[in-house]
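Below is work14.pdb, which holds PDB, C-alpha atoms.
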```
ATOM      1  CA  VAL A 114      29.157  15.231 -49.641
ATOM      2  CA  LYS A 115      26.796  18.154 -49.088
ATOM      3  CA  SER A 116      24.511  16.452 -46.535
ATOM      4  CA  LEU A 117      24.737  13.587 -44.140
ATOM      5  CA  ASP A 118      22.054  11.682 -42.299
ATOM      6  CA  LEU A 119      23.166  10.468 -38.901
ATOM      7  CA  ALA A 120      20.919   7.923 -37.130
ATOM      8  CA  VAL A 121      21.266   7.852 -33.356
ATOM      9  CA  GLN A 122      19.609   5.267 -31.156
ATOM     10  CA  GLY A 123      19.484   4.479 -27.485
ATOM     11  CA  HIS A 124      17.565   2.426 -24.952
ATOM     12  CA  ILE A 125      16.452   2.777 -21.350
ATOM     13  CA  ALA A 126      15.551  -0.471 -19.638
ATOM     14  CA  GLN A 127      12.114  -0.738 -18.052
ATOM     15  CA  ARG A 128      12.265  -1.062 -14.276
ATOM     16  CA  CYS A 129       9.597  -1.321 -11.685
ATOM     17  CA  ALA A 130      10.592  -2.347  -8.158
ATOM     18  CA  MET A 131       9.670  -1.758  -4.522
ATOM     19  CA  GLY A 132      11.777  -1.743  -1.393
ATOM     20  CA  SER A 133      11.972  -4.703   0.953
ATOM     21  CA  ASN A 134       9.259  -5.879   3.344
ATOM     22  CA  VAL A 135       8.026  -3.359   5.878
ATOM     23  CA  THR A 136       6.881  -4.354   9.354
ATOM     24  CA  SER A 137       5.063  -1.875  11.587
ATOM     25  CA  ASP A 138       4.422  -2.414  15.282
ATOM     26  CA  LEU A 139       1.164  -0.885  16.501
ATOM     27  CA  GLY A 140       2.166  -1.449  20.114
ATOM     28  CA  GLU A 141      -0.579  -1.842  22.729
ATOM     29  CA  LEU A 142      -3.885  -2.185  20.859
ATOM     30  CA  GLY A 143      -6.238  -1.733  23.800
ATOM     31  CA  HIS A 144      -5.960   2.064  23.967
ATOM     32  CA  GLY A 145      -8.531   3.029  21.343
ATOM     33  CA  ARG A 146      -7.902   4.324  17.846
ATOM     34  CA  LEU A 147      -4.356   3.942  16.430
ATOM     35  CA  ALA A 148      -2.553   5.044  13.286
ATOM     36  CA  VAL A 149       0.773   4.116  11.744
ATOM     37  CA  ALA A 150       2.358   5.612   8.632
ATOM     38  CA  THR A 151       5.251   4.330   6.570
ATOM     39  CA  GLN A 152       7.167   5.370   3.473
ATOM     40  CA  MET A 153       8.220   2.633   1.042
ATOM     41  CA  GLN A 154      10.736   2.794  -1.759
ATOM     42  CA  LEU A 155       9.147   2.579  -5.201
ATOM     43  CA  ASP A 156      11.022   3.011  -8.463
ATOM     44  CA  CYS A 157       8.998   2.591 -11.638
ATOM     45  CA  ASN A 158       9.973   4.380 -14.856
ATOM     46  CA  VAL A 159       6.847   3.192 -16.717
ATOM     47  CA  PRO A 160       3.120   3.556 -15.949
ATOM     48  CA  PHE A 161       1.842   0.800 -13.661
ATOM     49  CA  THR A 162      -1.019  -0.639 -11.656
ATOM     50  CA  MET A 163      -0.620  -1.445  -7.971
ATOM     51  CA  SER A 164      -2.670  -4.308  -6.514
ATOM     52  CA  ILE A 165      -3.243  -4.582  -2.771
ATOM     53  CA  ARG A 166      -4.589  -7.734  -1.130
ATOM     54  CA  ALA A 167      -5.174  -8.377   2.582
ATOM     55  CA  GLN A 168      -4.736 -11.713   4.290
ATOM     56  CA  ASN A 169      -7.457 -11.109   6.926
ATOM     57  CA  GLY A 170      -9.250  -7.834   6.154
ATOM     58  CA  ALA A 171      -8.755  -6.783   9.811
ATOM     59  CA  ILE A 172      -6.042  -6.736  12.465
ATOM     60  CA  GLN A 173      -6.801 -10.197  13.897
ATOM     61  CA  HIS A 174      -5.974 -12.217  16.972
ATOM     62  CA  ALA A 175      -3.432 -14.922  16.064
ATOM     63  CA  THR A 176      -5.554 -17.866  17.270
ATOM     64  CA  MET A 177      -9.069 -16.513  18.002
ATOM     65  CA  PRO A 178     -10.019 -13.922  15.364
ATOM     66  CA  GLN A 179     -13.722 -14.200  16.313
ATOM     67  CA  GLY A 180     -12.941 -13.244  19.915
ATOM     68  CA  GLN A 181     -14.251 -14.994  23.013
ATOM     69  CA  GLY A 182     -16.659 -14.259  25.878
ATOM     70  CA  GLY A 183     -17.457 -10.658  24.949
ATOM     71  CA  TYR A 184     -13.857  -9.848  24.025
ATOM     72  CA  ALA A 185     -13.268  -8.867  20.382
ATOM     73  CA  GLY A 186     -10.687 -10.753  18.330
ATOM     74  CA  SER A 187     -10.234  -8.304  15.472
ATOM     75  CA  LEU A 188      -9.936  -4.607  14.738
ATOM     76  CA  PRO A 189     -11.141  -3.029  11.484
ATOM     77  CA  TYR A 190      -8.799  -0.659   9.657
ATOM     78  CA  VAL A 191      -8.618   1.760   6.756
ATOM     79  CA  LEU A 192      -5.539   1.894   4.496
ATOM     80  CA  ASP A 193      -4.726   5.263   2.927
ATOM     81  CA  VAL A 194      -2.389   5.029  -0.090
ATOM     82  CA  GLU A 195      -0.550   8.083  -1.444
ATOM     83  CA  LEU A 196       1.307   7.584  -4.693
ATOM     84  CA  PRO A 197       3.414  10.540  -5.934
ATOM     85  CA  VAL A 198       3.725  10.402  -9.744
ATOM     86  CA  ARG A 199       4.923  12.499 -12.641
ATOM     87  CA  ARG A 200       2.918  12.667 -15.911
ATOM     88  CA  PRO A 201       4.536  15.147 -16.912
ATOM     89  CA  ASP A 202       3.549  17.369 -13.956
ATOM     90  CA  ARG A 203       3.910  16.140 -10.390
ATOM     91  CA  GLU A 204       0.779  15.009  -8.591
ATOM     92  CA  VAL A 205      -0.257  12.651  -5.818
ATOM     93  CA  ILE A 206      -2.777   9.908  -6.512
ATOM     94  CA  SER A 207      -4.484   8.837  -3.324
ATOM     95  CA  LYS A 208      -7.066   6.239  -2.456
ATOM     96  CA  MET A 209      -8.527   4.841   0.778
ATOM     97  CA  PHE A 210      -9.465   1.197   1.262
ATOM     98  CA  GLU A 211     -11.369  -0.469   4.084
ATOM     99  CA  GLY A 212      -9.578  -3.619   5.248
ATOM    100  CA  ARG A 213     -12.553  -5.840   4.352
ATOM    101  CA  SER A 214     -12.481  -4.635   0.743
ATOM    102  CA  LEU A 215      -8.840  -5.717   0.433
ATOM    103  CA  LEU A 216      -9.697  -9.396   0.988
ATOM    104  CA  GLY A 217     -10.554  -9.802  -2.691
ATOM    105  CA  GLY A 218      -7.833  -7.381  -3.762
ATOM    106  CA  GLN A 219      -8.075  -3.772  -4.922
ATOM    107  CA  ALA A 220      -6.071  -1.772  -7.447
ATOM    108  CA  ILE A 221      -4.786   1.746  -7.856
ATOM    109  CA  SER A 222      -3.420   2.963 -11.189
ATOM    110  CA  SER A 223      -0.624   5.447 -11.774
ATOM    111  CA  ASN A 224      -2.923   6.885 -14.495
ATOM    112  CA  GLY A 225      -0.120   6.976 -17.042
ATOM    113  CA  GLY A 226       2.393   8.450 -14.578
ATOM    114  CA  ILE A 227       5.699   7.116 -13.340
ATOM    115  CA  ALA A 228       6.598   6.644  -9.663
ATOM    116  CA  LEU A 229       8.167   9.604  -7.957
ATOM    117  CA  ASP A 230       9.281   9.837  -4.306
ATOM    118  CA  GLY A 231       8.229   6.353  -3.207
ATOM    119  CA  LEU A 232       4.902   5.278  -1.762
ATOM    120  CA  ARG A 233       3.219   6.433   1.454
ATOM    121  CA  LEU A 234       0.912   4.126   3.402
ATOM    122  CA  LYS A 235      -1.133   5.065   6.458
ATOM    123  CA  LEU A 236      -3.076   2.490   8.438
ATOM    124  CA  ASP A 237      -5.872   3.799  10.698
ATOM    125  CA  VAL A 238      -7.060   1.169  13.162
ATOM    126  CA  ALA A 239     -10.477   1.547  14.810
ATOM    127  CA  ALA A 240     -11.192   0.878  18.465
ATOM    128  CA  ALA A 241     -12.393  -2.584  19.550
ATOM    129  CA  SER A 242     -16.095  -3.270  19.089
ATOM    130  CA  GLY A 243     -16.455  -5.965  21.765
ATOM    131  CA  SER A 244     -18.316  -5.000  24.934
ATOM    132  CA  ALA A 245     -15.331  -6.022  27.069
ATOM    133  CA  GLY A 246     -12.587  -4.763  24.754
ATOM    134  CA  LEU A 247      -9.941  -6.897  23.069
ATOM    135  CA  LEU A 248      -9.007 -10.484  23.797
ATOM    136  CA  ALA A 249      -5.445 -10.690  25.157
ATOM    137  CA  GLY A 250      -2.800 -11.997  22.754
ATOM    138  CA  ASN A 251      -0.959 -11.238  19.551
ATOM    139  CA  TYR A 252      -2.660  -9.562  16.600
ATOM    140  CA  GLY A 253      -1.581  -9.099  13.018
ATOM    141  CA  GLU A 254      -2.397  -8.567   9.354
ATOM    142  CA  VAL A 255      -0.437  -9.041   6.130
ATOM    143  CA  LEU A 256      -0.901  -6.761   3.131
ATOM    144  CA  GLU A 257       0.493  -7.963  -0.195
ATOM    145  CA  ILE A 258       1.340  -5.165  -2.652
ATOM    146  CA  THR A 259       2.127  -6.039  -6.261
ATOM    147  CA  ILE A 260       3.291  -3.661  -9.000
ATOM    148  CA  THR A 261       2.463  -4.513 -12.619
ATOM    149  CA  PRO A 262       3.881  -2.313 -15.400
ATOM    150  CA  ASN A 263       1.270  -1.287 -17.987
TER     151      ASN A 263
END
```
Write the structure described by the file as C-alpha coordinates, please.
Amino acid sequence: VKSLDLAVQGHIAQRCAMGSNVTSDLGELGHGRLAVATQMQLDCNVPFTMSIRAQNGAIQHATMPQGQGGYAGSLPYVLDVELPVRRPDREVISKMFEGRSLLGGQAISSNGGIALDGLRLKLDVAAASGSAGLLAGNYGEVLEITITPN
(Lines of atoms letter the chains of each structure in order from A and count residues from 1; the text may use other names and numbers.)
(Lines give C-alpha, C1' and ligand atoms only; values in the text may rest on other atoms or scores of the structure.)
Protein backbone atom coordinates (compact mmCIF):
# COMPACT_ATOMS: atom_id res chain seq x y z
CA VAL A 1 0.00 0.00 0.00
CA LYS A 2 1.44 3.36 -1.04
CA SER A 3 -1.23 5.56 0.58
CA LEU A 4 -3.74 5.23 3.34
CA ASP A 5 -6.76 7.32 4.20
CA LEU A 6 -7.43 7.48 7.91
CA ALA A 7 -10.80 8.93 9.02
CA VAL A 8 -10.85 10.36 12.53
CA GLN A 9 -13.99 11.52 14.27
CA GLY A 10 -14.89 12.95 17.62
CA HIS A 11 -17.70 14.71 19.45
CA ILE A 12 -18.05 17.37 22.12
CA ALA A 13 -21.40 17.44 23.87
CA GLN A 14 -23.32 20.71 23.88
CA ARG A 15 -23.68 22.18 27.36
CA CYS A 16 -25.27 25.32 28.59
CA ALA A 17 -25.84 25.72 32.33
CA MET A 18 -25.89 28.35 35.07
CA GLY A 19 -25.01 28.15 38.73
CA SER A 20 -27.62 27.78 41.45
CA ASN A 21 -30.02 30.47 42.65
CA VAL A 22 -28.48 33.68 43.92
CA THR A 23 -30.03 35.73 46.71
CA SER A 24 -28.79 39.24 47.47
CA ASP A 25 -29.71 41.19 50.59
CA LEU A 26 -29.95 44.94 50.02
CA GLY A 27 -30.11 45.57 53.75
CA GLU A 28 -31.85 48.72 55.00
CA LEU A 29 -33.64 50.28 52.01
CA GLY A 30 -34.46 53.65 53.56
CA HIS A 31 -30.99 55.16 53.12
CA GLY A 32 -31.25 56.37 49.53
CA ARG A 33 -29.68 54.85 46.44
CA LEU A 34 -28.29 51.29 46.75
CA ALA A 35 -26.35 48.93 44.50
CA VAL A 36 -25.54 45.24 44.70
CA ALA A 37 -23.35 43.24 42.32
CA THR A 38 -23.04 39.50 41.94
CA GLN A 39 -21.10 37.05 39.80
CA MET A 40 -22.92 33.93 38.59
CA GLN A 41 -21.49 30.77 37.13
CA LEU A 42 -22.29 30.33 33.44
CA ASP A 43 -20.90 27.57 31.25
CA CYS A 44 -22.10 27.51 27.66
CA ASN A 45 -19.94 26.06 24.87
CA VAL A 46 -22.39 27.12 22.13
CA PRO A 47 -23.86 30.52 21.18
CA PHE A 48 -26.98 31.36 23.19
CA THR A 49 -29.67 33.87 24.04
CA MET A 50 -30.34 34.89 27.63
CA SER A 51 -33.88 35.90 28.60
CA ILE A 52 -34.54 37.94 31.73
CA ARG A 53 -38.01 38.36 33.21
CA ALA A 54 -39.00 40.23 36.38
CA GLN A 55 -41.80 39.22 38.70
CA ASN A 56 -42.65 42.80 39.79
CA GLY A 57 -40.58 45.26 37.75
CA ALA A 58 -39.56 47.01 41.01
CA ILE A 59 -38.34 46.14 44.50
CA GLN A 60 -41.80 45.88 46.09
CA HIS A 61 -43.31 45.76 49.55
CA ALA A 62 -44.46 42.20 50.31
CA THR A 63 -48.10 43.11 51.03
CA MET A 64 -48.60 46.76 49.96
CA PRO A 65 -46.66 47.42 46.74
CA GLN A 66 -48.69 50.61 46.08
CA GLY A 67 -47.61 52.06 49.43
CA GLN A 68 -49.89 53.74 51.96
CA GLY A 69 -50.49 57.23 53.36
CA GLY A 70 -47.66 58.99 51.53
CA TYR A 71 -45.21 56.13 52.07
CA ALA A 72 -43.93 54.44 48.89
CA GLY A 73 -44.30 50.68 48.50
CA SER A 74 -41.81 50.08 45.70
CA LEU A 75 -38.39 51.12 44.49
CA PRO A 76 -37.44 51.26 40.80
CA TYR A 77 -34.18 49.64 39.72
CA VAL A 78 -31.85 49.22 36.77
CA LEU A 79 -30.19 45.86 36.02
CA ASP A 80 -26.78 45.98 34.35
CA VAL A 81 -25.77 42.68 32.69
CA GLU A 82 -22.16 41.97 31.69
CA LEU A 83 -21.60 38.82 29.68
CA PRO A 84 -17.95 37.91 28.91
CA VAL A 85 -17.78 35.87 25.68
CA ARG A 86 -15.26 34.52 23.22
CA ARG A 87 -15.93 34.66 19.44
CA PRO A 88 -12.94 34.02 18.77
CA ASP A 89 -11.56 37.11 20.57
CA ARG A 90 -12.61 37.92 24.12
CA GLU A 91 -15.15 40.68 24.61
CA VAL A 92 -17.83 41.73 27.08
CA ILE A 93 -21.41 42.17 25.91
CA SER A 94 -23.28 44.49 28.23
CA LYS A 95 -26.82 45.76 28.40
CA MET A 96 -28.86 47.76 30.92
CA PHE A 97 -32.53 47.12 31.63
CA GLU A 98 -35.01 49.17 33.65
CA GLY A 99 -36.98 46.94 36.02
CA ARG A 100 -40.31 47.87 34.39
CA SER A 101 -39.07 46.69 30.99
CA LEU A 102 -38.30 43.25 32.44
CA LEU A 103 -41.96 42.57 33.26
CA GLY A 104 -42.58 41.38 29.70
CA GLY A 105 -39.13 39.83 29.44
CA GLN A 106 -36.02 41.06 27.64
CA ALA A 107 -33.21 39.22 25.87
CA ILE A 108 -29.49 39.57 25.39
CA SER A 109 -27.65 37.51 22.78
CA SER A 110 -24.12 36.16 22.97
CA ASN A 111 -23.83 37.32 19.32
CA GLY A 112 -22.33 34.02 18.22
CA GLY A 113 -19.94 33.84 21.19
CA ILE A 114 -19.61 31.26 23.92
CA ALA A 115 -19.74 32.04 27.65
CA LEU A 116 -16.46 32.89 29.28
CA ASP A 117 -15.87 33.79 32.95
CA GLY A 118 -19.48 33.60 34.13
CA LEU A 119 -22.05 36.37 34.22
CA ARG A 120 -21.95 39.65 36.15
CA LEU A 121 -25.14 41.33 37.34
CA LYS A 122 -25.40 44.72 39.03
CA LEU A 123 -28.66 46.01 40.45
CA ASP A 124 -28.91 49.78 41.04
CA VAL A 125 -31.88 50.68 43.22
CA ALA A 126 -33.22 54.25 43.18
CA ALA A 127 -34.29 56.19 46.25
CA ALA A 128 -37.95 56.11 47.36
CA SER A 129 -40.28 58.47 45.52
CA GLY A 130 -42.93 58.80 48.25
CA SER A 131 -43.08 62.11 50.10
CA ALA A 132 -42.65 60.33 53.44
CA GLY A 133 -40.16 57.69 52.30
CA LEU A 134 -40.73 53.94 52.31
CA LEU A 135 -43.48 51.99 54.02
CA ALA A 136 -42.03 49.76 56.76
CA GLY A 137 -41.85 46.04 55.97
CA ASN A 138 -40.19 43.48 53.76
CA TYR A 139 -39.40 44.18 50.11
CA GLY A 140 -38.34 41.90 47.30
CA GLU A 141 -38.12 41.09 43.60
CA VAL A 142 -37.49 37.89 41.65
CA LEU A 143 -35.58 37.87 38.36
CA GLU A 144 -35.85 34.75 36.21
CA ILE A 145 -32.89 34.18 33.87
CA THR A 146 -33.15 31.54 31.15
CA ILE A 147 -30.41 30.42 28.77
CA THR A 148 -31.41 29.04 25.36
CA PRO A 149 -28.69 27.63 23.08
CA ASN A 150 -28.92 28.92 19.49
Quote the spacing between atom CA of A:Val198 and atom CA of A:Ile125 in Å to one decimal place. 18.8 Å
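If you measure from each of A:Ala171, A:Val238, A:Leu256, A:Val194 to A:Leu142 using all atoms listed in the file, the closest one turns out to be A:Val238.
Between A:Leu248 and the residues A:Leu155, A:Ala175, A:Val114, A:Met163, the shortest atom-to-atom distance, using all atoms listed in the file, involves A:Ala175.
Comparing A:Arg146, A:Lys115, A:Arg128, A:Arg166 by their smallest distance to A:Glu257, the closest is A:Arg166 (using only C-alpha atoms).
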Nearest to A:Gln179, chosen from A:Tyr252, A:Glu141, A:Met131, A:Asn263, with all atoms listed in the file counted in the distances: A:Tyr252
One number please: atom CA of A:Ile260 to atom CA of A:Gly226, in Å, one decimal. 13.4 Å
Run the PyMOL selection byres ((chain A and resi 241) around 8) on the file and write out the hits as a PyMOL selection string. chain A and resi 143+145+185+187-188+239-240+242-243+246-247
Would you export the selected residues with C-alpha atoms as a PDB file, in the frame of the given file, please?
```
ATOM      1  CA  GLY A 143      -6.238  -1.733  23.800  1.00  0.00           C
ATOM      2  CA  GLY A 145      -8.531   3.029  21.343  1.00  0.00           C
ATOM      3  CA  ALA A 185     -13.268  -8.867  20.382  1.00  0.00           C
ATOM      4  CA  SER A 187     -10.234  -8.304  15.472  1.00  0.00           C
ATOM      5  CA  LEU A 188      -9.936  -4.607  14.738  1.00  0.00           C
ATOM      6  CA  ALA A 239     -10.477   1.547  14.810  1.00  0.00           C
ATOM      7  CA  ALA A 240     -11.192   0.878  18.465  1.00  0.00           C
ATOM      8  CA  SER A 242     -16.095  -3.270  19.089  1.00  0.00           C
ATOM      9  CA  GLY A 243     -16.455  -5.965  21.765  1.00  0.00           C
ATOM     10  CA  GLY A 246     -12.587  -4.763  24.754  1.00  0.00           C
ATOM     11  CA  LEU A 247      -9.941  -6.897  23.069  1.00  0.00           C
TER      12      LEU A 247
END
```
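With distances taken over all atoms listed in the file, A:Thr162 is the one residue among A:Gln127, A:Thr136, A:Thr162, A:Ser214 lying closest to A:Thr259.
Closest to A:Ala150 among A:Asp230, A:Glu211, A:Asp237, A:Glu204 is A:Asp237, based on all atoms listed in the file.
Atom to atom, atom CA of A:Glu254 and atom CA of A:Gln219 stand 16.1 Å apart.
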Find the spatial neighbours of A:Ala167, counting all atoms listed in the file, within a cut-off of 6 Å - ignore same-chain residues fewer than 4 positions away - and output them as a list in words. Leu215, Leu216, Val255 and Leu256 of chain A
For A:Asn251, list every protein, DNA or RNA residue within 9 Å, evaluated using only C-alpha atoms, and leave out those in the same chain fewer than 5 positions away; present the list as a VMD selection string. chain A and resid 173 to 176
Can you give me, as a PyMOL selection string, the residues this file yields under the PyMOL selection byres ((chain A and resi 205) around 10)? chain A and resi 194-199+203-204+206-208+223+228-229+232
Just to be explicit: take each residue in the selection above, keep C-alpha atoms, and write the result as a PDB file, in the frame of the given file.
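Okay, this is what ended up in again-v4.pdb:
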```
ATOM      1  CA  VAL A 194      -2.389   5.029  -0.090  1.00  0.00           C
ATOM      2  CA  GLU A 195      -0.550   8.083  -1.444  1.00  0.00           C
ATOM      3  CA  LEU A 196       1.307   7.584  -4.693  1.00  0.00           C
ATOM      4  CA  PRO A 197       3.414  10.540  -5.934  1.00  0.00           C
ATOM      5  CA  VAL A 198       3.725  10.402  -9.744  1.00  0.00           C
ATOM      6  CA  ARG A 199       4.923  12.499 -12.641  1.00  0.00           C
ATOM      7  CA  ARG A 203       3.910  16.140 -10.390  1.00  0.00           C
ATOM      8  CA  GLU A 204       0.779  15.009  -8.591  1.00  0.00           C
ATOM      9  CA  ILE A 206      -2.777   9.908  -6.512  1.00  0.00           C
ATOM     10  CA  SER A 207      -4.484   8.837  -3.324  1.00  0.00           C
ATOM     11  CA  LYS A 208      -7.066   6.239  -2.456  1.00  0.00           C
ATOM     12  CA  SER A 223      -0.624   5.447 -11.774  1.00  0.00           C
ATOM     13  CA  ALA A 228       6.598   6.644  -9.663  1.00  0.00           C
ATOM     14  CA  LEU A 229       8.167   9.604  -7.957  1.00  0.00           C
ATOM     15  CA  LEU A 232       4.902   5.278  -1.762  1.00  0.00           C
TER      16      LEU A 232
END
```
How would stretch 207-218 of chain A look with all heavy atoms restored, written as a PDB file, in the frame of the given file?
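Listing of rebuild_29.pdb after writing:
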```pdb
ATOM      1  N   SER A 207      -4.210   9.430  -4.629  1.00  0.00           N
ATOM      2  CA  SER A 207      -4.484   8.837  -3.324  1.00  0.00           C
ATOM      3  C   SER A 207      -5.811   8.086  -3.358  1.00  0.00           C
ATOM      4  O   SER A 207      -6.720   8.429  -4.107  1.00  0.00           O
ATOM      5  CB  SER A 207      -4.497   9.899  -2.222  1.00  0.00           C
ATOM      6  OG  SER A 207      -5.520  10.827  -2.452  1.00  0.00           O
ATOM      7  N   LYS A 208      -5.870   7.058  -2.532  1.00  0.00           N
ATOM      8  CA  LYS A 208      -7.066   6.239  -2.456  1.00  0.00           C
ATOM      9  C   LYS A 208      -7.122   5.604  -1.071  1.00  0.00           C
ATOM     10  O   LYS A 208      -6.089   5.243  -0.515  1.00  0.00           O
ATOM     11  CB  LYS A 208      -7.012   5.157  -3.535  1.00  0.00           C
ATOM     12  CG  LYS A 208      -8.332   4.528  -3.849  1.00  0.00           C
ATOM     13  CD  LYS A 208      -8.242   3.751  -5.151  1.00  0.00           C
ATOM     14  CE  LYS A 208      -9.588   3.171  -5.503  1.00  0.00           C
ATOM     15  NZ  LYS A 208      -9.544   2.393  -6.732  1.00  0.00           N
ATOM     16  N   MET A 209      -8.332   5.473  -0.530  1.00  0.00           N
ATOM     17  CA  MET A 209      -8.527   4.841   0.778  1.00  0.00           C
ATOM     18  C   MET A 209      -9.273   3.526   0.585  1.00  0.00           C
ATOM     19  O   MET A 209     -10.191   3.446  -0.234  1.00  0.00           O
ATOM     20  CB  MET A 209      -9.315   5.758   1.704  1.00  0.00           C
ATOM     21  CG  MET A 209      -8.537   6.997   2.089  1.00  0.00           C
ATOM     22  SD  MET A 209      -9.477   8.066   3.184  1.00  0.00           S
ATOM     23  CE  MET A 209      -9.233   7.204   4.722  1.00  0.00           C
ATOM     24  N   PHE A 210      -8.854   2.523   1.337  1.00  0.00           N
ATOM     25  CA  PHE A 210      -9.465   1.197   1.262  1.00  0.00           C
ATOM     26  C   PHE A 210      -9.824   0.728   2.656  1.00  0.00           C
ATOM     27  O   PHE A 210      -8.995   0.791   3.558  1.00  0.00           O
ATOM     28  CB  PHE A 210      -8.492   0.174   0.666  1.00  0.00           C
ATOM     29  CG  PHE A 210      -7.973   0.515  -0.694  1.00  0.00           C
ATOM     30  CD1 PHE A 210      -6.728   1.105  -0.843  1.00  0.00           C
ATOM     31  CD2 PHE A 210      -8.713   0.234  -1.832  1.00  0.00           C
ATOM     32  CE1 PHE A 210      -6.226   1.408  -2.101  1.00  0.00           C
ATOM     33  CE2 PHE A 210      -8.227   0.539  -3.092  1.00  0.00           C
ATOM     34  CZ  PHE A 210      -6.978   1.122  -3.228  1.00  0.00           C
ATOM     35  N   GLU A 211     -11.034   0.205   2.840  1.00  0.00           N
ATOM     36  CA  GLU A 211     -11.369  -0.469   4.084  1.00  0.00           C
ATOM     37  C   GLU A 211     -10.721  -1.843   4.041  1.00  0.00           C
ATOM     38  O   GLU A 211     -10.662  -2.478   2.987  1.00  0.00           O
ATOM     39  CB  GLU A 211     -12.881  -0.610   4.230  1.00  0.00           C
ATOM     40  CG  GLU A 211     -13.570   0.675   4.575  1.00  0.00           C
ATOM     41  CD  GLU A 211     -15.015   0.458   4.938  1.00  0.00           C
ATOM     42  OE1 GLU A 211     -15.372  -0.656   5.387  1.00  0.00           O
ATOM     43  OE2 GLU A 211     -15.783   1.411   4.771  1.00  0.00           O
ATOM     44  N   GLY A 212     -10.243  -2.318   5.187  1.00  0.00           N
ATOM     45  CA  GLY A 212      -9.578  -3.619   5.248  1.00  0.00           C
ATOM     46  C   GLY A 212     -10.383  -4.736   4.616  1.00  0.00           C
ATOM     47  O   GLY A 212      -9.862  -5.555   3.869  1.00  0.00           O
ATOM     48  N   ARG A 213     -11.691  -4.781   4.909  1.00  0.00           N
ATOM     49  CA  ARG A 213     -12.553  -5.840   4.352  1.00  0.00           C
ATOM     50  C   ARG A 213     -12.511  -5.870   2.832  1.00  0.00           C
ATOM     51  O   ARG A 213     -12.548  -6.934   2.227  1.00  0.00           O
ATOM     52  CB  ARG A 213     -14.007  -5.625   4.770  1.00  0.00           C
ATOM     53  CG  ARG A 213     -14.303  -5.750   6.212  1.00  0.00           C
ATOM     54  CD  ARG A 213     -15.798  -5.587   6.430  1.00  0.00           C
ATOM     55  NE  ARG A 213     -16.258  -4.278   5.973  1.00  0.00           N
ATOM     56  CZ  ARG A 213     -16.676  -3.312   6.764  1.00  0.00           C
ATOM     57  NH1 ARG A 213     -16.721  -3.516   8.048  1.00  0.00           N
ATOM     58  NH2 ARG A 213     -17.065  -2.157   6.292  1.00  0.00           N
ATOM     59  N   SER A 214     -12.463  -4.693   2.210  1.00  0.00           N
ATOM     60  CA  SER A 214     -12.481  -4.635   0.743  1.00  0.00           C
ATOM     61  C   SER A 214     -11.183  -5.157   0.134  1.00  0.00           C
ATOM     62  O   SER A 214     -11.141  -5.499  -1.046  1.00  0.00           O
ATOM     63  CB  SER A 214     -12.739  -3.214   0.256  1.00  0.00           C
ATOM     64  OG  SER A 214     -11.600  -2.391   0.454  1.00  0.00           O
ATOM     65  N   LEU A 215     -10.129  -5.244   0.936  1.00  0.00           N
ATOM     66  CA  LEU A 215      -8.840  -5.717   0.433  1.00  0.00           C
ATOM     67  C   LEU A 215      -8.743  -7.243   0.412  1.00  0.00           C
ATOM     68  O   LEU A 215      -7.800  -7.791  -0.151  1.00  0.00           O
ATOM     69  CB  LEU A 215      -7.697  -5.133   1.262  1.00  0.00           C
ATOM     70  CG  LEU A 215      -7.531  -3.618   1.161  1.00  0.00           C
ATOM     71  CD1 LEU A 215      -6.483  -3.132   2.154  1.00  0.00           C
ATOM     72  CD2 LEU A 215      -7.169  -3.204  -0.251  1.00  0.00           C
ATOM     73  N   LEU A 216      -9.714  -7.937   1.008  1.00  0.00           N
ATOM     74  CA  LEU A 216      -9.697  -9.396   0.988  1.00  0.00           C
ATOM     75  C   LEU A 216      -9.697  -9.941  -0.436  1.00  0.00           C
ATOM     76  O   LEU A 216      -8.984 -10.876  -0.744  1.00  0.00           O
ATOM     77  CB  LEU A 216     -10.895  -9.964   1.753  1.00  0.00           C
ATOM     78  CG  LEU A 216     -10.745 -10.005   3.258  1.00  0.00           C
ATOM     79  CD1 LEU A 216     -12.062 -10.360   3.913  1.00  0.00           C
ATOM     80  CD2 LEU A 216      -9.652 -10.975   3.658  1.00  0.00           C
ATOM     81  N   GLY A 217     -10.493  -9.368  -1.296  1.00  0.00           N
ATOM     82  CA  GLY A 217     -10.554  -9.802  -2.691  1.00  0.00           C
ATOM     83  C   GLY A 217      -9.536  -9.091  -3.563  1.00  0.00           C
ATOM     84  O   GLY A 217      -9.423  -9.385  -4.749  1.00  0.00           O
ATOM     85  N   GLY A 218      -8.813  -8.150  -3.010  1.00  0.00           N
ATOM     86  CA  GLY A 218      -7.833  -7.381  -3.762  1.00  0.00           C
ATOM     87  C   GLY A 218      -8.454  -6.119  -4.349  1.00  0.00           C
ATOM     88  O   GLY A 218      -9.600  -6.104  -4.756  1.00  0.00           O
TER      89      GLY A 218
END
```
